[in-house]
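This report concerns only the one structure given below.
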Amino acid sequence: MQKHSISFLKNLANTIRYQLIEMSHIGKASHLGSSLSCVDLIIAAYWRFLNVNPMNPLDPNRDRFILSKGHAVSTLYAVLSAKGFFKKALLKTFNQEGSSLPEHPTPKCIPGLEAATGSLGHGLSLGIGHALAGKIMNKDYKVVVLLSDGECNEGSVWEAAMFAPKKNLNNLITIVDYNKWQATGKSEEIMQISPLKEKWQAFGWQTYEIDGNDLQDILNIFEKNSSREKPIAIIAHTIKGKGISFMENDNNWHYRIPTQEEVKLAKEELKIGDHEKCFC
Ligand SMILES: Cc1ncc(C[n+]2csc(CCOP(=O)(O)OP(=O)(O)O)c2C)c(N)n1
């Protein structure tokens with residue numbers, strides 16, 4: 001795997017953040033804050049951890065990435081297109097009539113997309129299915145599942161969390177995008193989800209806590225885990241709306257759609273030049 005530099009990945013994160021804002025504006029799609037929160041995690045996973053090949057998206061030996069927080073799929077679409085799974089021009093069709101990029105993902109809607117998600121609480125069980133199948137078939141692929149913190153209110157997450165260590169699924173890595181918000185308020189006020197790290201640990205996972213918006217921190221944890229003994233849970237502290245000053249930690253951006261003026265302001269903040277071709 002080619003080792004792209006941190007500065008390359010940071011530039012890419014900026015471009016992708018801008019794409020997400022345009023996509024939300026054009027497609028009139030919500031969940032922008034949720035998508036911005038997990039940009040760095042998904043970029044780090046696809047550029048420095050996952051073994052996937054856009055020329056052979058269904059390779060039985062590929063690593064699997066499951067975006068359990070499916071409402072943030074614009075980030076996954078932007079990453080898959082940047083990896084070469086499909087043309088960037090398609091991003092501008094996001095959430096529109098007849099588009100192959102629906103607001104919540106379905107498998108086969110686009111190459112590289114592994115699972116239908118959007119109904120929260122199911123991605124970990126899907127990931128466990130892949131991980132267990134890999135063990136049974138003696139394959140050495142790994143499976144990464146990205147959950148959100150409000151999603152951890154779902155009982156199905158904890159049933160799955162109990163199952164993976166029991167089956168010794170050391171090919172499974174779960175990341176929780178811990179941005180402390182959900183749709184209608186603060187995660188901790190809606191349900192007491194803390195202490196999250198200790199909970200996963202008590203369920204038998206090897207657990208880590210990182211800054212999920214710091215690319216170096218994310219890469220360090222991926223590199224540390226080339227040999228794994230247990231399933232891994234990474235509690236990634238993030239900021240909802242990360243990267244745009246007037247969106248960060250403002251949960252109105254769970255649903256709000258940016259105006260043309262806000263797109264322009266965000267573009268300036270991200271220092272995206274007019275000459276940059278973000279959609280071709
Ligand atoms: C089972 C289920 N119930 C409700 C919803 C509606 N819904 C979409 S996003 C969301 C909140 C998500 O908050 P969180 O999981 O913390 O993710 P964030 O957007 O903060 O990243 C909800 C309740 C859903 N998608 N699935």
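Starting from 1 in every chain, residues are counted up; chains themselves are A, B, ... following the order of the structure tokens, and ligands are numbered from 1 as listed.
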
Counting only C-alpha atoms and all ligand atoms, what residues are within 9 Å of ligand 1, given as a short mmCIF file (atom, residue, chain, number, x, y, z; two decimals) with N, CA and C atoms, in the first residue's frame?
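Now in pocket29.cif:
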data_model
loop_
_atom_site.label_atom_id
_atom_site.label_comp_id
_atom_site.auth_asym_id
_atom_site.auth_seq_id
_atom_site.Cartn_x
_atom_site.Cartn_y
_atom_site.Cartn_z
N HIS A 31 -27.75 16.10 7.76
CA HIS A 31 -26.68 15.32 8.38
C HIS A 31 -25.29 15.78 8.00
N LEU A 32 -25.16 17.06 7.66
CA LEU A 32 -23.84 17.57 7.28
C LEU A 32 -22.87 17.53 8.47
N GLY A 33 -23.34 17.95 9.66
CA GLY A 33 -22.48 17.92 10.86
C GLY A 33 -21.97 16.51 11.12
N SER A 34 -22.83 15.52 10.93
CA SER A 34 -22.48 14.11 11.16
C SER A 34 -21.41 13.65 10.16
N SER A 35 -21.53 14.11 8.92
CA SER A 35 -20.57 13.72 7.88
C SER A 35 -19.21 14.38 8.12
N LEU A 36 -19.23 15.66 8.50
CA LEU A 36 -17.96 16.37 8.73
C LEU A 36 -17.20 15.77 9.91
N SER A 37 -17.93 15.27 10.88
CA SER A 37 -17.34 14.68 12.08
C SER A 37 -16.40 13.50 11.76
N CYS A 38 -16.74 12.69 10.77
CA CYS A 38 -16.00 11.44 10.54
C CYS A 38 -15.11 11.46 9.30
N LYS A 69 -23.15 4.32 10.85
CA LYS A 69 -23.88 5.61 10.92
C LYS A 69 -24.15 6.05 9.47
N GLY A 70 -25.09 5.33 8.86
CA GLY A 70 -25.34 5.49 7.43
C GLY A 70 -25.82 6.86 7.02
N HIS A 71 -26.34 7.64 7.99
CA HIS A 71 -26.81 9.00 7.64
C HIS A 71 -25.64 9.90 7.24
N ALA A 72 -24.40 9.46 7.53
CA ALA A 72 -23.21 10.26 7.15
C ALA A 72 -22.58 9.74 5.86
N HIS A 104 -29.28 7.48 2.13
CA HIS A 104 -28.78 6.39 2.96
C HIS A 104 -28.34 5.28 2.01
N THR A 117 -27.16 0.74 5.25
CA THR A 117 -27.22 1.23 6.63
C THR A 117 -28.02 2.52 6.63
N GLY A 118 -28.35 2.98 7.79
CA GLY A 118 -29.20 4.16 7.91
C GLY A 118 -30.12 3.94 9.08
N SER A 119 -30.63 2.72 9.18
CA SER A 119 -31.34 2.35 10.39
C SER A 119 -30.26 2.01 11.41
N LEU A 120 -30.08 2.88 12.38
CA LEU A 120 -28.94 2.76 13.29
C LEU A 120 -29.01 1.47 14.12
N GLY A 121 -27.83 0.96 14.48
CA GLY A 121 -27.76 -0.18 15.38
C GLY A 121 -27.55 -1.52 14.70
N HIS A 122 -27.35 -1.51 13.38
CA HIS A 122 -27.22 -2.79 12.68
C HIS A 122 -25.84 -3.07 12.10
N LEU A 147 -19.33 3.32 14.03
CA LEU A 147 -20.59 3.62 14.73
C LEU A 147 -20.60 5.08 15.14
N SER A 148 -21.77 5.58 15.53
CA SER A 148 -21.84 6.92 16.13
C SER A 148 -22.24 6.78 17.60
N ASP A 149 -22.07 7.86 18.36
CA ASP A 149 -22.30 7.71 19.80
C ASP A 149 -23.78 7.54 20.15
N GLY A 150 -24.64 8.34 19.51
CA GLY A 150 -26.07 8.18 19.77
C GLY A 150 -26.53 6.79 19.37
N GLU A 151 -25.89 6.24 18.36
CA GLU A 151 -26.22 4.88 17.92
C GLU A 151 -26.00 3.86 19.04
N CYS A 152 -25.07 4.18 19.94
CA CYS A 152 -24.79 3.25 21.04
C CYS A 152 -25.94 3.20 22.05
N ASN A 153 -27.00 3.98 21.82
CA ASN A 153 -28.22 3.83 22.63
C ASN A 153 -28.98 2.56 22.25
N GLU A 154 -28.66 2.06 21.05
CA GLU A 154 -29.41 0.89 20.54
C GLU A 154 -28.93 -0.38 21.25
N ASP A 177 -17.54 7.09 16.56
CA ASP A 177 -17.38 8.52 16.27
C ASP A 177 -18.07 9.28 17.41
N TYR A 178 -17.28 9.64 18.42
CA TYR A 178 -17.84 10.15 19.68
C TYR A 178 -17.85 11.68 19.65
N ASN A 179 -18.87 12.22 18.93
CA ASN A 179 -18.93 13.69 18.79
C ASN A 179 -19.83 14.34 19.84
N LYS A 180 -20.37 13.51 20.74
CA LYS A 180 -21.15 13.96 21.92
C LYS A 180 -22.54 14.53 21.61
N TRP A 181 -22.93 14.48 20.35
CA TRP A 181 -24.27 14.97 19.97
C TRP A 181 -25.03 13.87 19.25
N GLN A 182 -26.35 13.96 19.32
CA GLN A 182 -27.17 13.16 18.41
C GLN A 182 -28.23 14.07 17.77
N ALA A 183 -29.32 13.51 17.25
CA ALA A 183 -30.21 14.34 16.43
C ALA A 183 -30.79 15.53 17.20
N THR A 184 -31.23 15.28 18.43
CA THR A 184 -32.01 16.32 19.12
C THR A 184 -31.34 16.84 20.39
N GLY A 185 -30.09 16.50 20.61
CA GLY A 185 -29.44 17.03 21.80
C GLY A 185 -28.14 16.33 22.11
N LYS A 186 -27.66 16.59 23.34
CA LYS A 186 -26.37 16.02 23.75
C LYS A 186 -26.54 14.54 24.10
N SER A 187 -25.63 13.73 23.62
CA SER A 187 -25.74 12.28 23.82
C SER A 187 -25.84 11.92 25.29
N LYS A 240 -18.58 17.44 16.04
CA LYS A 240 -19.63 17.44 15.02
C LYS A 240 -19.50 18.74 14.22
N ASN A 251 -25.39 21.86 16.85
CA ASN A 251 -26.16 20.69 16.42
C ASN A 251 -27.31 21.02 15.47
N HIS A 254 -27.18 19.20 12.31
CA HIS A 254 -27.62 17.81 12.10
C HIS A 254 -28.62 17.80 10.94
#

Name the residues in contact with A:Ser125 at a cut-off of 10 Å, using only C-alpha atoms, excluding same-chain residues fewer than 2 positions from it; report them as a list of chain:residue names.
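Within the cut-off, the hits are A:Ser68, A:Gly121, A:His122, A:Gly123, A:Gly127, A:Ile128, A:Gly129, A:His130, A:Ala131, A:Val145, A:Ser156, A:Val157, A:Trp158, A:Glu159, A:Ala160, A:Ala161, A:Phe163, A:Ala164.
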
Export, as an mmCIF file, in the first residue's frame, the selected residues with N, CA and C atoms.
data_model
loop_
_atom_site.group_PDB
_atom_site.id
_atom_site.type_symbol
_atom_site.label_atom_id
_atom_site.label_comp_id
_atom_site.auth_asym_id
_atom_site.auth_seq_id
_atom_site.Cartn_x
_atom_site.Cartn_y
_atom_site.Cartn_z
ATOM 1 N N SER A 68 -21.793 2.173 9.780
ATOM 2 C CA SER A 68 -23.042 1.904 10.498
ATOM 3 C C SER A 68 -23.849 3.188 10.676
ATOM 4 N N GLY A 121 -27.825 0.963 14.479
ATOM 5 C CA GLY A 121 -27.764 -0.183 15.380
ATOM 6 C C GLY A 121 -27.548 -1.521 14.703
ATOM 7 N N HIS A 122 -27.348 -1.511 13.380
ATOM 8 C CA HIS A 122 -27.224 -2.792 12.675
ATOM 9 C C HIS A 122 -25.839 -3.071 12.105
ATOM 10 N N GLY A 123 -25.053 -2.017 11.926
ATOM 11 C CA GLY A 123 -23.767 -2.190 11.228
ATOM 12 C C GLY A 123 -22.795 -3.107 11.936
ATOM 13 N N GLY A 127 -21.017 -6.330 10.374
ATOM 14 C CA GLY A 127 -19.559 -6.467 10.376
ATOM 15 C C GLY A 127 -19.126 -7.775 11.021
ATOM 16 N N ILE A 128 -19.825 -8.147 12.074
ATOM 17 C CA ILE A 128 -19.524 -9.417 12.745
ATOM 18 C C ILE A 128 -19.764 -10.587 11.791
ATOM 19 N N GLY A 129 -20.819 -10.498 11.003
ATOM 20 C CA GLY A 129 -21.084 -11.549 10.009
ATOM 21 C C GLY A 129 -19.906 -11.708 9.061
ATOM 22 N N HIS A 130 -19.395 -10.576 8.551
ATOM 23 C CA HIS A 130 -18.230 -10.641 7.651
ATOM 24 C C HIS A 130 -17.013 -11.204 8.385
ATOM 25 N N ALA A 131 -16.807 -10.739 9.620
ATOM 26 C CA ALA A 131 -15.614 -11.156 10.365
ATOM 27 C C ALA A 131 -15.663 -12.653 10.679
ATOM 28 N N VAL A 145 -15.859 -1.269 11.329
ATOM 29 C CA VAL A 145 -17.231 -0.760 11.437
ATOM 30 C C VAL A 145 -17.184 0.597 12.138
ATOM 31 N N SER A 156 -29.115 -3.350 20.245
ATOM 32 C CA SER A 156 -28.485 -4.302 19.314
ATOM 33 C C SER A 156 -26.969 -4.114 19.252
ATOM 34 N N VAL A 157 -26.500 -2.875 19.515
ATOM 35 C CA VAL A 157 -25.044 -2.633 19.500
ATOM 36 C C VAL A 157 -24.380 -3.470 20.591
ATOM 37 N N TRP A 158 -25.029 -3.531 21.756
ATOM 38 C CA TRP A 158 -24.402 -4.206 22.901
ATOM 39 C C TRP A 158 -24.535 -5.722 22.808
ATOM 40 N N GLU A 159 -25.547 -6.181 22.136
ATOM 41 C CA GLU A 159 -25.658 -7.622 21.881
ATOM 42 C C GLU A 159 -24.500 -8.052 20.966
ATOM 43 N N ALA A 160 -24.284 -7.235 19.932
ATOM 44 C CA ALA A 160 -23.169 -7.525 19.015
ATOM 45 C C ALA A 160 -21.832 -7.388 19.748
ATOM 46 N N ALA A 161 -21.736 -6.379 20.608
ATOM 47 C CA ALA A 161 -20.479 -6.148 21.329
ATOM 48 C C ALA A 161 -20.126 -7.341 22.217
ATOM 49 N N PHE A 163 -20.950 -10.448 21.508
ATOM 50 C CA PHE A 163 -20.733 -11.628 20.657
ATOM 51 C C PHE A 163 -19.295 -11.693 20.099
ATOM 52 N N ALA A 164 -18.773 -10.530 19.690
ATOM 53 C CA ALA A 164 -17.484 -10.533 18.970
ATOM 54 C C ALA A 164 -16.324 -11.105 19.803
#

Find the residues near A:Val144: any atom within 9 Å, counting only C-alpha atoms, skip ones fewer than 2 places away on the same chain, and give them as an mmCIF file with N, CA and C atoms, in the first residue's frame.
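Okay, this is what ended up in result-v5.cif:
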data_model
loop_
_atom_site.group_PDB
_atom_site.id
_atom_site.type_symbol
_atom_site.label_atom_id
_atom_site.label_comp_id
_atom_site.auth_asym_id
_atom_site.auth_seq_id
_atom_site.Cartn_x
_atom_site.Cartn_y
_atom_site.Cartn_z
ATOM 1 N N ALA A 45 -8.704 5.463 7.358
ATOM 2 C CA ALA A 45 -8.979 4.041 7.145
ATOM 3 C C ALA A 45 -8.716 3.648 5.694
ATOM 4 N N LEU A 50 -7.102 0.065 5.130
ATOM 5 C CA LEU A 50 -7.911 -0.928 4.431
ATOM 6 C C LEU A 50 -7.259 -1.371 3.129
ATOM 7 N N ASP A 63 -10.578 -6.096 2.413
ATOM 8 C CA ASP A 63 -11.060 -5.649 3.717
ATOM 9 C C ASP A 63 -12.442 -5.037 3.535
ATOM 10 N N ARG A 64 -13.226 -5.097 4.605
ATOM 11 C CA ARG A 64 -14.602 -4.554 4.545
ATOM 12 C C ARG A 64 -14.722 -3.332 5.460
ATOM 13 N N PHE A 65 -15.367 -2.287 4.939
ATOM 14 C CA PHE A 65 -15.669 -1.119 5.766
ATOM 15 C C PHE A 65 -17.181 -0.939 5.798
ATOM 16 N N ILE A 66 -17.741 -0.892 6.998
ATOM 17 C CA ILE A 66 -19.194 -0.717 7.115
ATOM 18 C C ILE A 66 -19.490 0.564 7.874
ATOM 19 N N LEU A 67 -20.160 1.471 7.181
ATOM 20 C CA LEU A 67 -20.538 2.741 7.805
ATOM 21 C C LEU A 67 -21.876 2.530 8.502
ATOM 22 N N GLY A 127 -21.017 -6.330 10.374
ATOM 23 C CA GLY A 127 -19.559 -6.467 10.376
ATOM 24 C C GLY A 127 -19.126 -7.775 11.021
ATOM 25 N N LYS A 142 -9.689 -7.954 7.109
ATOM 26 C CA LYS A 142 -10.187 -7.356 8.341
ATOM 27 C C LYS A 142 -11.460 -6.549 8.053
ATOM 28 N N LEU A 146 -17.840 1.576 11.538
ATOM 29 C CA LEU A 146 -17.881 2.915 12.153
ATOM 30 C C LEU A 146 -19.278 3.186 12.714
ATOM 31 N N ASN A 171 -10.227 -9.972 13.916
ATOM 32 C CA ASN A 171 -10.176 -9.330 12.594
ATOM 33 C C ASN A 171 -11.188 -8.183 12.495
ATOM 34 N N LEU A 172 -11.764 -7.802 13.641
ATOM 35 C CA LEU A 172 -12.829 -6.787 13.656
ATOM 36 C C LEU A 172 -12.379 -5.552 14.429
ATOM 37 N N ILE A 173 -12.561 -4.408 13.822
ATOM 38 C CA ILE A 173 -12.208 -3.135 14.468
ATOM 39 C C ILE A 173 -13.457 -2.261 14.459
ATOM 40 N N THR A 174 -13.898 -1.859 15.637
ATOM 41 C CA THR A 174 -15.048 -0.958 15.726
ATOM 42 C C THR A 174 -14.560 0.421 16.134
ATOM 43 N N ILE A 175 -15.027 1.424 15.428
ATOM 44 C CA ILE A 175 -14.679 2.798 15.797
ATOM 45 C C ILE A 175 -15.976 3.500 16.195
#

What parts of stretch 13-171 of chain A does DSSP call strand (DSSP E)? I'd like the answer as a VMD selection string.
chain A and resid 64 to 67 143 to 148

What's the 10 Å shell around A:Ile21, counting only C-alpha atoms, without same-chain residues fewer than 5 positions away, as a ChimeraX atom specification?
/A:16,26-27,29,32-33,35-36,74,244,257-260,262-264,266-267

Selected residues, C-alpha atoms, written as a CSV table (one decimal), in the first residue's frame, please.
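After the write, selection-v3.csv holds the following:
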chain,number,residue,atom,x,y,z
A,16,ILE,CA,-13.7,16.3,0.9
A,26,ILE,CA,-27.2,20.9,-4.1
A,27,GLY,CA,-28.9,17.7,-2.9
A,29,ALA,CA,-29.5,16.7,2.3
A,32,LEU,CA,-23.8,17.6,7.3
A,33,GLY,CA,-22.5,17.9,10.9
A,35,SER,CA,-20.6,13.7,7.9
A,36,LEU,CA,-18.0,16.4,8.7
A,74,SER,CA,-21.9,11.6,1.9
A,244,ILE,CA,-16.1,24.8,9.6
A,257,ILE,CA,-28.7,22.6,4.8
A,258,PRO,CA,-26.2,25.3,3.9
A,259,THR,CA,-27.2,28.3,1.8
A,260,GLN,CA,-25.2,29.5,-1.2
A,262,GLU,CA,-22.7,29.6,3.7
A,263,VAL,CA,-21.1,27.4,1.0
A,264,LYS,CA,-19.0,30.3,-0.1
A,266,ALA,CA,-17.0,27.5,4.1
A,267,LYS,CA,-15.1,27.4,0.8

Between A:Glu97, A:Glu198, A:Glu188, A:Glu269, which has the minimum distance to A:Ile234 (counting only C-alpha atoms)?
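The shortest atom-to-atom distance to A:Ile234 comes from A:Glu198.
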
List every residue of stretch 5-213 of chain A that DSSP, applied to the backbone of this structure, assigns to alpha helix (DSSP H), and report them as a VMD selection string.
chain A and resid 6 to 27 32 to 37 39 to 48 73 to 83 123 to 136 155 to 166 187 to 190 196 to 202

Could you state the separation of atom CA of A:Lys277 and atom CA of A:Gly84 in Å, given to one decimal place?
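If I compute the distance from atom CA of A:Lys277 to atom CA of A:Gly84, I get 15.1 Å.
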
Near-A:Ile235 list (8 Å; only C-alpha atoms; drop same-chain fewer than 6 positions) as an mmCIF file with C-alpha atoms, in the first residue's frame:
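Output file result.cif follows:
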data_model
loop_
_atom_site.group_PDB
_atom_site.id
_atom_site.type_symbol
_atom_site.label_atom_id
_atom_site.label_comp_id
_atom_site.auth_asym_id
_atom_site.auth_seq_id
_atom_site.Cartn_x
_atom_site.Cartn_y
_atom_site.Cartn_z
ATOM 1 C CA ILE A 175 -14.679 2.798 15.797
ATOM 2 C CA VAL A 176 -17.126 5.002 17.697
ATOM 3 C CA ASP A 177 -17.375 8.519 16.269
ATOM 4 C CA TYR A 178 -17.837 10.146 19.683
ATOM 5 C CA LEU A 196 -17.667 4.436 26.760
ATOM 6 C CA LYS A 197 -14.124 3.065 26.774
ATOM 7 C CA THR A 207 -9.942 -0.510 23.652
ATOM 8 C CA TYR A 208 -8.255 2.741 22.739
ATOM 9 C CA GLU A 209 -9.210 6.380 23.023
ATOM 10 C CA ILE A 210 -8.004 8.841 20.394
#

For A:Glu223, list every protein, DNA or RNA residue within 12 Å, evaluated using only C-alpha atoms, and leave out those in the same chain fewer than 2 positions away; present the list as a compact mmCIF listing (two decimals) with C-alpha atoms, in the first residue's frame.
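New file out_19.txt:
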# COMPACT_ATOMS: atom_id res chain seq x y z
CA LYS A 3 2.05 5.50 2.14
CA ALA A 44 -7.25 7.42 7.43
CA ALA A 45 -8.98 4.04 7.14
CA ARG A 48 -3.58 3.81 5.35
CA PHE A 49 -5.39 0.75 6.70
CA LEU A 50 -7.91 -0.93 4.43
CA GLN A 216 -1.70 11.35 13.04
CA ASP A 217 -3.46 10.03 16.13
CA ILE A 218 -5.73 7.85 13.98
CA LEU A 219 -2.84 6.51 11.90
CA ASN A 220 -0.85 5.70 15.05
CA ILE A 221 -3.61 3.49 16.32
CA ASN A 225 -2.76 -2.81 15.51
CA SER A 226 -1.11 -4.83 12.81
CA SER A 227 -1.18 -7.83 15.16
CA ARG A 228 -4.39 -8.12 17.12

Atom pair atom CA of A:Gly212 / atom CA of A:Ala233: separation (Å)
12.8 Å

Quick one: residues within 9 Å of A:Ala13, only C-alpha atoms, excluding same-chain residues fewer than 5 positions away - as a ChimeraX atom specification?
/A:8,18,39-40,43

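Of the residues listed (A:Arg256, A:Lys135, A:His25, A:Lys199), A:Lys135 shows the shortest atom-to-atom separation from A:Asn170; distances use only C-alpha atoms.
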